[in-house]
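Visitor: Structure file upload.pdb (PDB, C-alpha atoms) right here:
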ATOM      1  CA  MET V   1      -1.946   5.677  13.022
ATOM      2  CA  ARG V   2      -1.932   9.393  12.251
ATOM      3  CA  PHE V   3      -5.110  11.391  12.904
ATOM      4  CA  PRO V   4      -5.657  15.118  12.331
ATOM      5  CA  THR V   5      -5.898  17.270  15.450
ATOM      6  CA  GLU V   6      -7.367  20.273  13.621
ATOM      7  CA  PRO V   7      -8.724  18.920  10.333
ATOM      8  CA  LYS V   8     -10.631  22.118   9.506
ATOM      9  CA  ARG V   9      -7.291  23.869   9.038
ATOM     10  CA  THR V  10      -6.388  21.525   6.157
ATOM     11  CA  ARG V  11      -7.848  22.592   2.808
ATOM     12  CA  ILE V  12      -8.176  19.646   0.434
ATOM     13  CA  LEU V  13      -8.912  19.662  -3.279
ATOM     14  CA  TYR V  14     -10.662  16.392  -4.103
ATOM     15  CA  LEU V  15     -10.421  15.306  -7.745
ATOM     16  CA  ALA V  16     -12.133  12.301  -9.315
ATOM     17  CA  ARG V  17     -14.022  11.490 -12.496
ATOM     18  CA  PHE V  18     -17.368  11.582 -10.684
ATOM     19  CA  ALA V  19     -16.400  14.033  -7.945
ATOM     20  CA  PRO V  20     -19.093  16.629  -7.222
ATOM     21  CA  ASP V  21     -18.555  19.920  -9.043
ATOM     22  CA  GLU V  22     -19.164  23.010  -6.970
ATOM     23  CA  PRO V  23     -21.594  24.551  -6.237
ATOM     24  CA  VAL V  24     -23.768  21.405  -6.679
ATOM     25  CA  LEU V  25     -22.127  18.984  -4.238
ATOM     26  CA  ALA V  26     -24.359  16.044  -5.072
ATOM     27  CA  GLN V  27     -23.725  12.532  -6.369
ATOM     28  CA  LYS V  28     -23.555  12.363 -10.169
ATOM     29  CA  PRO V  29     -25.272   9.854 -12.452
ATOM     30  CA  ASP V  30     -23.160   6.782 -13.190
ATOM     31  CA  THR V  31     -22.292   6.949 -16.889
ATOM     32  CA  HIS V  32     -19.176   4.783 -16.940
ATOM     33  CA  ALA V  33     -19.070   1.630 -14.836
ATOM     34  CA  ALA V  34     -21.359   0.518 -12.062
ATOM     35  CA  GLY V  35     -20.460   1.948  -8.684
ATOM     36  CA  TYR V  36     -17.866   4.559  -9.620
ATOM     37  CA  SER V  37     -20.139   7.547  -9.071
ATOM     38  CA  GLN V  38     -21.199   6.230  -5.668
ATOM     39  CA  TYR V  39     -17.590   5.407  -4.779
ATOM     40  CA  HIS V  40     -16.256   8.841  -5.678
ATOM     41  CA  PHE V  41     -19.088  10.585  -3.851
ATOM     42  CA  ASN V  42     -18.601   8.401  -0.761
ATOM     43  CA  LEU V  43     -14.918   9.324  -0.521
ATOM     44  CA  PHE V  44     -15.815  12.997  -0.856
ATOM     45  CA  THR V  45     -18.282  12.771   2.046
ATOM     46  CA  GLU V  46     -15.811  10.660   4.063
ATOM     47  CA  LEU V  47     -13.156  13.368   3.784
ATOM     48  CA  GLN V  48     -15.761  15.904   4.873
ATOM     49  CA  GLY V  49     -16.742  13.600   7.732
ATOM     50  CA  ILE V  50     -13.177  13.582   9.032
ATOM     51  CA  GLY V  51     -13.514  17.356   9.277
ATOM     52  CA  TYR V  52     -11.318  18.545   6.420
ATOM     53  CA  ASP V  53     -12.204  21.678   4.467
ATOM     54  CA  VAL V  54     -12.902  19.951   1.135
ATOM     55  CA  ARG V  55     -13.307  21.531  -2.296
ATOM     56  CA  SER V  56     -14.269  19.196  -5.110
ATOM     57  CA  SER V  57     -13.967  18.967  -8.879
ATOM     58  CA  SER V  58     -14.135  16.437 -11.704
ATOM     59  CA  LYS V  59     -12.035  18.682 -13.974
ATOM     60  CA  PRO V  60      -8.255  18.202 -14.304
ATOM     61  CA  TYR V  61      -7.669  21.928 -14.786
ATOM     62  CA  ALA V  62      -8.746  22.458 -11.170
ATOM     63  CA  ALA V  63      -5.279  21.231 -10.180
ATOM     64  CA  TRP V  64      -3.702  24.097 -12.122
ATOM     65  CA  MET V  65      -5.637  26.633 -10.049
ATOM     66  CA  ALA V  66      -5.004  24.942  -6.712
ATOM     67  CA  GLY V  67      -1.687  26.566  -5.832
ATOM     68  CA  GLY V  68      -2.085  28.883  -2.846
ATOM     69  CA  ASN V  69      -5.747  27.911  -2.462
ATOM     70  CA  VAL V  70      -5.447  24.438  -0.923
ATOM     71  CA  ASP V  71      -2.985  22.535   1.246
ATOM     72  CA  PHE V  72      -3.340  19.075  -0.310
ATOM     73  CA  VAL V  73      -4.638  17.486  -3.505
ATOM     74  CA  PHE V  74      -6.430  14.165  -3.072
ATOM     75  CA  SER V  75      -6.654  12.957  -6.649
ATOM     76  CA  LEU V  76      -8.273   9.806  -7.981
ATOM     77  CA  LEU V  77      -8.522  11.434 -11.418
ATOM     78  CA  ASN V  78      -6.561   8.678 -13.094
ATOM     79  CA  ARG V  79      -8.565   7.980 -16.248
ATOM     80  CA  MET V  80      -8.329  10.790 -18.796
ATOM     81  CA  PRO V  81      -8.156  10.626 -22.616
ATOM     82  CA  MET V  82      -4.375  10.900 -22.749
ATOM     83  CA  ARG V  83      -1.350   8.653 -22.478
ATOM     84  CA  ASN V  84      -0.380   7.862 -18.875
ATOM     85  CA  PRO V  85      -3.071  10.098 -17.329
ATOM     86  CA  GLU V  86      -2.123   9.046 -13.787
ATOM     87  CA  ILE V  87       0.956  11.254 -14.036
ATOM     88  CA  HIS V  88      -0.826  14.487 -14.980
ATOM     89  CA  VAL V  89      -2.122  15.686 -11.604
ATOM     90  CA  PRO V  90       0.999  14.684  -9.591
ATOM     91  CA  SER V  91       3.177  16.516 -12.120
ATOM     92  CA  VAL V  92       1.028  19.651 -11.947
ATOM     93  CA  CYS V  93       1.199  19.519  -8.155
ATOM     94  CA  GLU V  94       4.975  19.114  -8.200
ATOM     95  CA  TYR V  95       5.225  22.177 -10.461
ATOM     96  CA  GLN V  96       3.275  24.159  -7.862
ATOM     97  CA  HIS V  97       5.151  22.654  -4.878
ATOM     98  CA  LEU V  98       1.794  21.353  -3.676
ATOM     99  CA  PRO V  99       1.494  18.143  -1.588
ATOM    100  CA  HIS V 100      -0.541  15.453  -3.321
ATOM    101  CA  LEU V 101      -1.737  11.908  -2.760
ATOM    102  CA  GLY V 102       0.279   8.868  -3.738
ATOM    103  CA  ALA V 103       3.920   9.152  -4.711
ATOM    104  CA  PRO V 104       6.240  11.322  -6.821
ATOM    105  CA  PRO V 105       5.442  11.333 -10.562
ATOM    106  CA  ASN V 106       8.452   9.209 -11.500
ATOM    107  CA  ILE V 107       7.333   6.425  -9.158
ATOM    108  CA  ARG V 108       3.740   6.724 -10.395
ATOM    109  CA  ALA V 109       5.015   6.455 -13.976
ATOM    110  CA  LEU V 110       7.004   3.314 -13.200
ATOM    111  CA  ALA V 111       4.071   1.668 -11.426
ATOM    112  CA  GLU V 112       1.624   2.466 -14.243
ATOM    113  CA  ASP V 113       3.914   0.912 -16.881
ATOM    114  CA  LYS V 114       3.430  -2.764 -16.195
ATOM    115  CA  PHE V 115       6.295  -3.764 -18.483
ATOM    116  CA  LEU V 116       8.977  -1.370 -17.217
ATOM    117  CA  SER V 117       7.967  -2.088 -13.615
ATOM    118  CA  LYS V 118       8.367  -5.802 -14.341
ATOM    119  CA  LEU V 119      11.937  -5.161 -15.528
ATOM    120  CA  ALA V 120      12.630  -3.025 -12.451
ATOM    121  CA  PHE V 121      11.236  -5.667 -10.092
ATOM    122  CA  ARG V 122      13.374  -8.341 -11.725
ATOM    123  CA  ALA V 123      16.454  -6.158 -11.307
ATOM    124  CA  LEU V 124      15.592  -5.854  -7.610
ATOM    125  CA  GLY V 125      15.477  -9.637  -7.284
ATOM    126  CA  LEU V 126      11.693 -10.034  -7.071
ATOM    127  CA  PRO V 127      10.079 -13.039  -8.798
ATOM    128  CA  VAL V 128       8.126 -11.841 -11.848
ATOM    129  CA  ALA V 129       6.378 -13.534 -14.743
ATOM    130  CA  GLU V 130       8.152 -13.496 -18.089
ATOM    131  CA  GLY V 131       6.674 -10.795 -20.288
ATOM    132  CA  ARG V 132       6.977  -8.907 -23.557
ATOM    133  CA  ALA V 133       5.305  -5.693 -24.708
ATOM    134  CA  TYR V 134       3.771  -5.282 -28.176
ATOM    135  CA  ALA V 135       3.062  -1.797 -29.531
ATOM    136  CA  PRO V 136       0.564  -1.194 -32.354
ATOM    137  CA  GLY V 137       2.241  -1.814 -35.702
ATOM    138  CA  GLN V 138       4.919  -4.048 -34.210
ATOM    139  CA  GLU V 139       5.524  -7.432 -35.796
ATOM    140  CA  LEU V 140       3.781 -10.089 -33.724
ATOM    141  CA  THR V 141       6.601 -12.574 -33.355
ATOM    142  CA  PRO V 142       6.415 -15.043 -30.460
ATOM    143  CA  PRO V 143       8.127 -14.100 -27.186
ATOM    144  CA  ASP V 144      11.120 -16.074 -25.961
ATOM    145  CA  PHE V 145       9.024 -17.981 -23.441
ATOM    146  CA  THR V 146       6.373 -20.644 -23.837
ATOM    147  CA  GLY V 147       2.677 -20.488 -23.024
ATOM    148  CA  PRO V 148       0.078 -20.527 -21.698
ATOM    149  CA  TYR V 149      -0.065 -16.779 -22.327
ATOM    150  CA  PHE V 150      -1.961 -13.983 -20.626
ATOM    151  CA  VAL V 151      -2.653 -10.708 -22.475
ATOM    152  CA  LYS V 152      -3.427  -7.370 -20.834
ATOM    153  CA  ASP V 153      -3.088  -3.629 -21.393
ATOM    154  CA  ARG V 154       0.471  -2.467 -20.720
ATOM    155  CA  PHE V 155      -0.914   0.685 -19.071
ATOM    156  CA  GLY V 156      -4.321  -0.639 -17.977
ATOM    157  CA  ALA V 157      -6.186  -0.156 -14.717
ATOM    158  CA  ALA V 158      -9.073  -2.065 -13.133
ATOM    159  CA  SER V 159      -8.431  -4.981 -15.546
ATOM    160  CA  GLU V 160      -9.520  -2.819 -18.492
ATOM    161  CA  GLY V 161      -9.716  -4.868 -21.685
ATOM    162  CA  ILE V 162      -9.124  -8.209 -19.947
ATOM    163  CA  ALA V 163     -11.666 -10.851 -20.977
ATOM    164  CA  ALA V 164     -11.903 -14.635 -20.825
ATOM    165  CA  ASP V 165      -9.889 -14.898 -24.064
ATOM    166  CA  SER V 166      -6.958 -13.058 -22.467
ATOM    167  CA  LEU V 167      -5.796 -16.508 -21.345
ATOM    168  CA  GLN V 168      -4.523 -18.516 -24.315
ATOM    169  CA  ASP V 169      -2.714 -21.847 -24.580
ATOM    170  CA  SER V 170      -1.057 -21.137 -27.943
ATOM    171  CA  TRP V 171       0.685 -18.216 -29.613
ATOM    172  CA  GLN V 172      -1.703 -18.414 -32.563
ATOM    173  CA  GLY V 173      -4.614 -17.930 -30.174
ATOM    174  CA  THR V 174      -2.828 -15.008 -28.532
ATOM    175  CA  ILE V 175      -2.371 -12.975 -31.740
ATOM    176  CA  PRO V 176      -6.064 -11.955 -32.187
ATOM    177  CA  VAL V 177      -6.219 -10.809 -28.545
ATOM    178  CA  ILE V 178      -3.167  -8.586 -29.053
ATOM    179  CA  GLN V 179      -4.749  -7.240 -32.234
ATOM    180  CA  ARG V 180      -7.914  -6.366 -30.310
ATOM    181  CA  PHE V 181      -5.881  -4.235 -27.913
ATOM    182  CA  HIS V 182      -4.066  -2.623 -30.834
ATOM    183  CA  ALA V 183      -7.361  -1.809 -32.566
ATOM    184  CA  GLN V 184      -8.293   0.132 -29.417
ATOM    185  CA  GLY V 185      -5.001   2.058 -29.555
ATOM    186  CA  ARG V 186      -3.557   0.157 -26.601
ATOM    187  CA  GLU V 187      -0.172  -1.463 -26.165
ATOM    188  CA  ALA V 188      -0.429  -5.102 -25.172
ATOM    189  CA  LEU V 189       1.609  -6.904 -22.546
ATOM    190  CA  VAL V 190       1.919 -10.662 -22.983
ATOM    191  CA  GLU V 191       2.943 -12.597 -19.886
ATOM    192  CA  ARG V 192       3.508 -16.233 -19.174
ATOM    193  CA  TYR V 193       0.387 -17.363 -17.326
ATOM    194  CA  CYS V 194       1.037 -18.341 -13.710
ATOM    195  CA  PRO V 195      -1.213 -21.051 -12.243
ATOM    196  CA  GLY V 196      -2.771 -20.305  -8.879
ATOM    197  CA  VAL V 197      -4.873 -17.499  -7.427
ATOM    198  CA  ASP V 198      -4.573 -13.736  -7.257
ATOM    199  CA  VAL V 199      -3.397 -12.374  -3.922
ATOM    200  CA  THR V 200      -3.028  -8.662  -3.238
ATOM    201  CA  VAL V 201      -1.081  -7.165  -0.355
ATOM    202  CA  PRO V 202      -2.255  -3.701   0.815
ATOM    203  CA  VAL V 203       0.413  -1.507   2.426
ATOM    204  CA  ILE V 204       0.203   1.927   4.048
ATOM    205  CA  GLY V 205       3.017   4.323   4.789
ATOM    206  CA  HIS V 206       3.562   4.252   8.544
ATOM    207  CA  ALA V 207       6.824   3.813  10.465
ATOM    208  CA  PRO V 208       8.116   3.228   7.871
ATOM    209  CA  TYR V 209       5.232   1.150   6.489
ATOM    210  CA  LEU V 210       2.628  -1.390   7.554
ATOM    211  CA  VAL V 211       1.574  -4.506   5.633
ATOM    212  CA  LEU V 212      -2.143  -4.751   6.366
ATOM    213  CA  GLY V 213      -2.697  -8.338   5.257
ATOM    214  CA  HIS V 214      -3.217 -10.735   2.360
ATOM    215  CA  VAL V 215      -6.411 -10.574   0.318
ATOM    216  CA  ALA V 216      -7.632 -12.822  -2.503
ATOM    217  CA  PRO V 217      -9.963 -11.240  -5.093
ATOM    218  CA  GLN V 218     -12.399 -13.979  -6.099
ATOM    219  CA  SER V 219     -12.831 -15.241  -9.667
ATOM    220  CA  ASP V 220     -15.057 -17.790 -11.362
ATOM    221  CA  GLU V 221     -13.248 -17.494 -14.712
ATOM    222  CA  VAL V 222     -11.157 -20.277 -16.249
ATOM    223  CA  GLY V 223      -7.654 -20.033 -14.800
ATOM    224  CA  GLY V 224      -8.884 -17.853 -11.939
ATOM    225  CA  ILE V 225      -8.148 -14.674 -13.915
ATOM    226  CA  LEU V 226      -9.647 -11.278 -13.060
ATOM    227  CA  THR V 227     -11.524  -9.861 -16.038
ATOM    228  CA  GLU V 228     -12.855  -6.356 -16.577
ATOM    229  CA  SER V 229     -16.427  -7.602 -16.122
ATOM    230  CA  LEU V 230     -15.505  -9.095 -12.740
ATOM    231  CA  LYS V 231     -13.900  -5.828 -11.620
ATOM    232  CA  VAL V 232     -16.903  -3.782 -12.784
ATOM    233  CA  ASP V 233     -19.532  -6.073 -11.283
ATOM    234  CA  ASP V 234     -17.421  -7.405  -8.380
ATOM    235  CA  HIS V 235     -20.154  -9.856  -7.424
ATOM    236  CA  LEU V 236     -17.653 -12.240  -5.837
ATOM    237  CA  GLY V 237     -15.699  -9.696  -3.804
ATOM    238  CA  ASN V 238     -12.551 -10.329  -1.770
ATOM    239  CA  ARG V 239     -11.604 -12.571   1.123
ATOM    240  CA  LEU V 240      -8.723 -12.631   3.551
ATOM    241  CA  VAL V 241      -6.307 -15.520   3.040
ATOM    242  CA  SER V 242      -3.551 -17.100   5.078
ATOM    243  CA  LEU V 243      -0.292 -17.712   3.247
ATOM    244  CA  ASP V 244       2.137 -20.390   4.326
ATOM    245  CA  ALA V 245       4.843 -19.102   6.645
ATOM    246  CA  ALA V 246       7.609 -19.144   4.025
ATOM    247  CA  THR V 247       5.518 -17.248   1.466
ATOM    248  CA  ALA V 248       4.346 -14.711   4.051
ATOM    249  CA  ALA V 249       7.964 -14.035   5.047
ATOM    250  CA  ALA V 250       8.969 -13.703   1.391
ATOM    251  CA  VAL V 251       6.149 -11.233   0.767
ATOM    252  CA  GLU V 252       7.355  -9.153   3.725
ATOM    253  CA  GLU V 253      10.828  -9.061   2.186
ATOM    254  CA  ASP V 254       9.350  -8.117  -1.220
ATOM    255  CA  VAL V 255       7.567  -5.147   0.354
ATOM    256  CA  ALA V 256      10.740  -4.134   2.188
ATOM    257  CA  THR V 257      12.661  -4.234  -1.098
ATOM    258  CA  LEU V 258      10.038  -2.138  -2.889
ATOM    259  CA  TRP V 259       9.946   0.370  -0.043
ATOM    260  CA  ARG V 260      13.723   0.771   0.044
ATOM    261  CA  ASN V 261      13.836   1.460  -3.674
ATOM    262  CA  LEU V 262      10.498   3.156  -4.488
ATOM    263  CA  GLY V 263       9.249   4.522  -1.153
ATOM    264  CA  PRO V 264       7.961   6.373   0.635
ATOM    265  CA  ILE V 265       4.467   5.879  -0.828
ATOM    266  CA  ASP V 266       1.250   6.903   0.903
ATOM    267  CA  TYR V 267      -0.541   3.620   0.214
ATOM    268  CA  PHE V 268      -0.307   0.857  -2.374
ATOM    269  CA  ARG V 269      -0.962  -2.773  -3.206
ATOM    270  CA  VAL V 270       1.420  -5.435  -4.434
ATOM    271  CA  ASP V 271      -0.463  -7.877  -6.667
ATOM    272  CA  TYR V 272       0.679 -11.500  -6.894
ATOM    273  CA  ARG V 273      -0.214 -14.829  -8.400
ATOM    274  CA  TRP V 274       0.231 -17.452  -5.707
ATOM    275  CA  ASN V 275       0.125 -21.219  -6.124
ATOM    276  CA  PRO V 276      -1.058 -22.719  -2.803
ATOM    277  CA  ALA V 277       0.047 -26.186  -3.890
ATOM    278  CA  THR V 278       3.683 -25.205  -4.389
ATOM    279  CA  GLY V 279       3.977 -21.968  -2.411
ATOM    280  CA  THR V 280       5.254 -20.242  -5.547
ATOM    281  CA  ARG V 281       4.638 -16.493  -5.650
ATOM    282  CA  THR V 282       4.932 -14.214  -8.665
ATOM    283  CA  VAL V 283       4.772 -10.416  -8.509
ATOM    284  CA  LEU V 284       2.414  -9.038 -11.177
ATOM    285  CA  GLU V 285       2.398  -5.307 -10.464
ATOM    286  CA  ILE V 286       2.290  -2.548  -7.871
ATOM    287  CA  ASN V 287      -0.807  -0.372  -7.685
ATOM    288  CA  ILE V 288      -0.495   3.136  -6.201
ATOM    289  CA  CYS V 289      -3.621   5.075  -5.134
ATOM    290  CA  CYS V 290      -5.598   1.859  -5.433
ATOM    291  CA  TYR V 291      -9.287   1.285  -4.692
ATOM    292  CA  PHE V 292     -10.383   2.733  -1.341
ATOM    293  CA  GLY V 293     -13.908   1.304  -1.268
ATOM    294  CA  ARG V 294     -15.488  -0.143   1.860
ATOM    295  CA  HIS V 295     -15.406  -3.663   0.410
ATOM    296  CA  GLY V 296     -12.024  -3.386  -1.293
ATOM    297  CA  ALA V 297      -8.806  -5.128  -0.312
ATOM    298  CA  LEU V 298      -7.431  -2.114   1.567
ATOM    299  CA  ALA V 299     -10.454  -1.709   3.829
ATOM    300  CA  LEU V 300     -10.870  -5.462   4.315
ATOM    301  CA  ALA V 301      -7.253  -5.929   5.382
ATOM    302  CA  GLY V 302      -7.382  -2.798   7.547
ATOM    303  CA  SER V 303     -10.390  -4.151   9.438
ATOM    304  CA  GLN V 304      -8.129  -6.869  10.899
ATOM    305  CA  TRP V 305      -6.306  -4.107  12.760
ATOM    306  CA  GLY V 306      -9.507  -2.438  13.891
ATOM    307  CA  PHE V 307      -9.132   0.352  11.331
ATOM    308  CA  SER V 308     -12.241   1.717   9.661
ATOM    309  CA  ARG V 309     -12.139   3.096   6.134
ATOM    310  CA  ARG V 310     -12.299   6.583   7.671
ATOM    311  CA  ASP V 311      -9.322   5.775   9.926
ATOM    312  CA  LEU V 312      -7.284   4.660   6.921
ATOM    313  CA  LEU V 313      -8.297   7.682   4.874
ATOM    314  CA  ALA V 314      -7.350  10.137   7.631
ATOM    315  CA  HIS V 315      -4.058   8.368   8.223
ATOM    316  CA  VAL V 316      -3.129   8.404   4.535
ATOM    317  CA  VAL V 317      -3.814  12.147   4.230
ATOM    318  CA  GLU V 318      -1.873  12.993   7.386
ATOM    319  CA  TYR V 319       1.002  10.676   6.488
ATOM    320  CA  SER V 320       1.178  12.208   3.002
ATOM    321  CA  LEU V 321       1.224  15.750   4.369
ATOM    322  CA  ALA V 322       4.018  14.848   6.794
ATOM    323  CA  ARG V 323       5.942  13.013   4.056
ATOM    324  CA  GLN V 324       5.940  16.065   1.805
ATOM    325  CA  HIS V 325       6.400  18.696   4.511
ATOM    326  CA  THR V 326       9.958  19.556   3.434
ATOM    327  CA  THR V 327       9.970  17.917  -0.004
ATOM    328  CA  HIS V 328      10.174  21.178  -1.946
ATOM    329  CA  SER V 329      12.209  23.271   0.486
ATOM    330  CA  HIS V 330      15.405  23.012  -1.588
ATOM    331  CA  TYR V 331      13.758  24.135  -4.844
ATOM    332  CA  ARG V 332      14.020  27.712  -6.011
ATOM    333  CA  TRP V 333      12.197  29.181  -8.960
ATOM    334  CA  MET V 334      14.547  30.099 -11.808
ATOM    335  CA  ILE V 335      13.386  32.734 -14.284
TER     336      ILE V 335
END
As structure tokens, how would this structure be written, given the file I've shared?

Guide:
Amino acid sequence: MRFPTEPKRTRILYLARFAPDEPVLAQKPDTHAAGYSQYHFNLFTELQGIGYDVRSSSKPYAAWMAGGNVDFVFSLLNRMPMRNPEIHVPSVCEYQHLPHLGAPPNIRALAEDKFLSKLAFRALGLPVAEGRAYAPGQELTPPDFTGPYFVKDRFGAASEGIAADSLQDSWQGTIPVIQRFHAQGREALVERYCPGVDVTVPVIGHAPYLVLGHVAPQSDEVGGILTESLKVDDHLGNRLVSLDAATAAAVEEDVATLWRNLGPIDYFRVDYRWNPATGTRTVLEINICCYFGRHGALALAGSQWGFSRRDLLAHVVEYSLARQHTTHSHYRWMI
């Protein structure tokens, strides 16, 4: 694990929707979803607790003024009223040659597009669920695979828009769910439903990377799906699971394949559906800059190694700084 030797010398700009805005560095009221304000404030104080010199803002334009004033941008500001908002801050940082959390913008863009990433994963030989994207205004003809069907936001995060009716046995039942997404201005992704349970695999960049473990988010919904209400309330939490030896080895190879082709990445999760009865695994998506809460999959899996949330946070920052140390050295400004 990497730990800072002189953290006070590292100036961090912390960005998040509920990040404290200077000069009032206090927790904000929660006006969105339960727990987000507390979560964002806790990460701010955790970074301070490590010893970093932390500035904080909830405003995306703070990234534009960061060049020359900070050494690193730790951004969780992923939900903004624009298409693909996850790419905004990394792109601004790249423009300023400023190290930032996560991965390069092109890799972030691929990960956030759950349809294009599915095509990329298939090309890399990973097992993925059949899927088809439907944009607003597109004719809703059936996909070339049979149901049951599962409908989600093509660019969604935290299971946004997923409800109990996202799981449908028939195409006729699927159409109104797609239309609901379209009415919200969202593109829908229809996948073939995979029986089993959700398993997520947290990974941190290391030497070259470290798979922390296998975690199952719990669900009491029909089909074991993870809905938006479950993610917001999270009353069931996560638990560590043991995969059969063959599946565990296959997951290790999946991560190695992703790392060779998409890495290095500071930290991420690979989300699966896994059928314990058959050992079948299906890659759903990769999540970069995923949830860093004390009770989340990352912290839970890290605890097996004796890592606290603070340990993981410090390591990720230091790894990211080292990863990007010479990233921009070959660029020259052209006027």

Visitor: I need the output of the PyMOL selection byres ((chain V and resi 61) around 12) for this file as a CSV table (one decimal) with C-alpha atoms, keeping the file's coordinate frame; which residues are they?

Guide:
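Output contents, as saved in out_36.csv:
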chain,number,residue,atom,x,y,z
V,13,LEU,CA,-8.9,19.7,-3.3
V,15,LEU,CA,-10.4,15.3,-7.7
V,16,ALA,CA,-12.1,12.3,-9.3
V,57,SER,CA,-14.0,19.0,-8.9
V,58,SER,CA,-14.1,16.4,-11.7
V,59,LYS,CA,-12.0,18.7,-14.0
V,60,PRO,CA,-8.3,18.2,-14.3
V,62,ALA,CA,-8.7,22.5,-11.2
V,63,ALA,CA,-5.3,21.2,-10.2
V,64,TRP,CA,-3.7,24.1,-12.1
V,65,MET,CA,-5.6,26.6,-10.0
V,66,ALA,CA,-5.0,24.9,-6.7
V,67,GLY,CA,-1.7,26.6,-5.8
V,77,LEU,CA,-8.5,11.4,-11.4
V,80,MET,CA,-8.3,10.8,-18.8
V,88,HIS,CA,-0.8,14.5,-15.0
V,89,VAL,CA,-2.1,15.7,-11.6
V,92,VAL,CA,1.0,19.7,-11.9
V,93,CYS,CA,1.2,19.5,-8.2

Visitor: Excluding V:His315 and any residue of its chain fewer than 6 positions from it, enumerate the residues within 8 Å of it, using only C-alpha atoms, and give them as a PyMOL selection string.

Guide: chain V and resi 1-3

Visitor: Given all atoms listed in the file as the basis, pick out the residue of V:Gly51, V:Pro81, V:Pro4, V:Gly35 nearest to V:Phe18.

Guide: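 Ranked by minimum distance to V:Phe18, first place goes to V:Gly35.
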
Visitor: Looking at only C-alpha atoms, which of V:Leu116, V:Tyr14, V:Val203, V:Asp165 is the one that sits closest to V:Glu46?

Guide: V:Tyr14

Visitor: Output the residue selection produced by the PyMOL selection byres ((chain V and resi 168) around 12) on the file above, formatted as an MDAnalysis selection string.

Guide: chainID V and resid 146:152 163:167 169:178 190:194 222:223 225

Visitor: Please save C-alpha atoms of the selected residues as a PDB file, keeping the file's coordinate frame.

Guide:
ATOM      1  CA  THR V 146       6.373 -20.644 -23.837  1.00  0.00           C
ATOM      2  CA  GLY V 147       2.677 -20.488 -23.024  1.00  0.00           C
ATOM      3  CA  PRO V 148       0.078 -20.527 -21.698  1.00  0.00           C
ATOM      4  CA  TYR V 149      -0.065 -16.779 -22.327  1.00  0.00           C
ATOM      5  CA  PHE V 150      -1.961 -13.983 -20.626  1.00  0.00           C
ATOM      6  CA  VAL V 151      -2.653 -10.708 -22.475  1.00  0.00           C
ATOM      7  CA  LYS V 152      -3.427  -7.370 -20.834  1.00  0.00           C
ATOM      8  CA  ALA V 163     -11.666 -10.851 -20.977  1.00  0.00           C
ATOM      9  CA  ALA V 164     -11.903 -14.635 -20.825  1.00  0.00           C
ATOM     10  CA  ASP V 165      -9.889 -14.898 -24.064  1.00  0.00           C
ATOM     11  CA  SER V 166      -6.958 -13.058 -22.467  1.00  0.00           C
ATOM     12  CA  LEU V 167      -5.796 -16.508 -21.345  1.00  0.00           C
ATOM     13  CA  ASP V 169      -2.714 -21.847 -24.580  1.00  0.00           C
ATOM     14  CA  SER V 170      -1.057 -21.137 -27.943  1.00  0.00           C
ATOM     15  CA  TRP V 171       0.685 -18.216 -29.613  1.00  0.00           C
ATOM     16  CA  GLN V 172      -1.703 -18.414 -32.563  1.00  0.00           C
ATOM     17  CA  GLY V 173      -4.614 -17.930 -30.174  1.00  0.00           C
ATOM     18  CA  THR V 174      -2.828 -15.008 -28.532  1.00  0.00           C
ATOM     19  CA  ILE V 175      -2.371 -12.975 -31.740  1.00  0.00           C
ATOM     20  CA  PRO V 176      -6.064 -11.955 -32.187  1.00  0.00           C
ATOM     21  CA  VAL V 177      -6.219 -10.809 -28.545  1.00  0.00           C
ATOM     22  CA  ILE V 178      -3.167  -8.586 -29.053  1.00  0.00           C
ATOM     23  CA  VAL V 190       1.919 -10.662 -22.983  1.00  0.00           C
ATOM     24  CA  GLU V 191       2.943 -12.597 -19.886  1.00  0.00           C
ATOM     25  CA  ARG V 192       3.508 -16.233 -19.174  1.00  0.00           C
ATOM     26  CA  TYR V 193       0.387 -17.363 -17.326  1.00  0.00           C
ATOM     27  CA  CYS V 194       1.037 -18.341 -13.710  1.00  0.00           C
ATOM     28  CA  VAL V 222     -11.157 -20.277 -16.249  1.00  0.00           C
ATOM     29  CA  GLY V 223      -7.654 -20.033 -14.800  1.00  0.00           C
ATOM     30  CA  ILE V 225      -8.148 -14.674 -13.915  1.00  0.00           C
TER      31      ILE V 225
END

Visitor: Have a look at V:Thr45, V:Ser56, V:Gln96, V:Thr5 and name the one nearest to V:Gly68; count only C-alpha atoms.

Guide: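 Looking at the shortest contact to V:Gly68, the residue is V:Gln96.
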
Visitor: Neighbouring residues of stretch 102-106 of chain V were defined as those with any atom within 9 Å, considering only C-alpha atoms; residues of the same chain fewer than 5 positions away were excluded. Please report them as a list in words.

Guide: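 Using only C-alpha atoms, the neighbours found are Phe74, Ser75, Glu86, Ile87, His88, Val89, Pro90, Ser91, Glu94, Ala111, Leu262, Gly263, Pro264, Ile265, Asp266, Tyr267, Phe268, Ile288, Cys289, Val316 and Ser320 of chain V.
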
Visitor: What is the atom CA of V:Ala207 to atom CA of V:Asp254 distance in Å?

Guide: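 Separation between atom CA of V:Ala207 and atom CA of V:Asp254: 16.9 Å.
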
Visitor: Hey, what's within 9 Å of stretch 137-140 of chain V if we count only C-alpha atoms and toss same-chain stuff fewer than 2 positions away? As a list in words, please?

Guide: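 Here the qualifying residues turn out to be Tyr134, Ala135, Pro142, Pro143, Ile175, Ile178 and His182 of chain V.
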
Visitor: Considering all atoms listed in the file, state which residue in the set V:Val251, V:Val199, V:Val24, V:Leu240 is at the smallest distance from V:Ser303.

Guide: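 Closest to V:Ser303, using all atoms listed in the file: V:Leu240.
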
Visitor: How far is it from atom CA of V:Pro23 to atom CA of V:Gln48, in Å with one decimal?

Guide: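 Straight-line distance from atom CA of V:Pro23 to atom CA of V:Gln48 works out to 15.2 Å.
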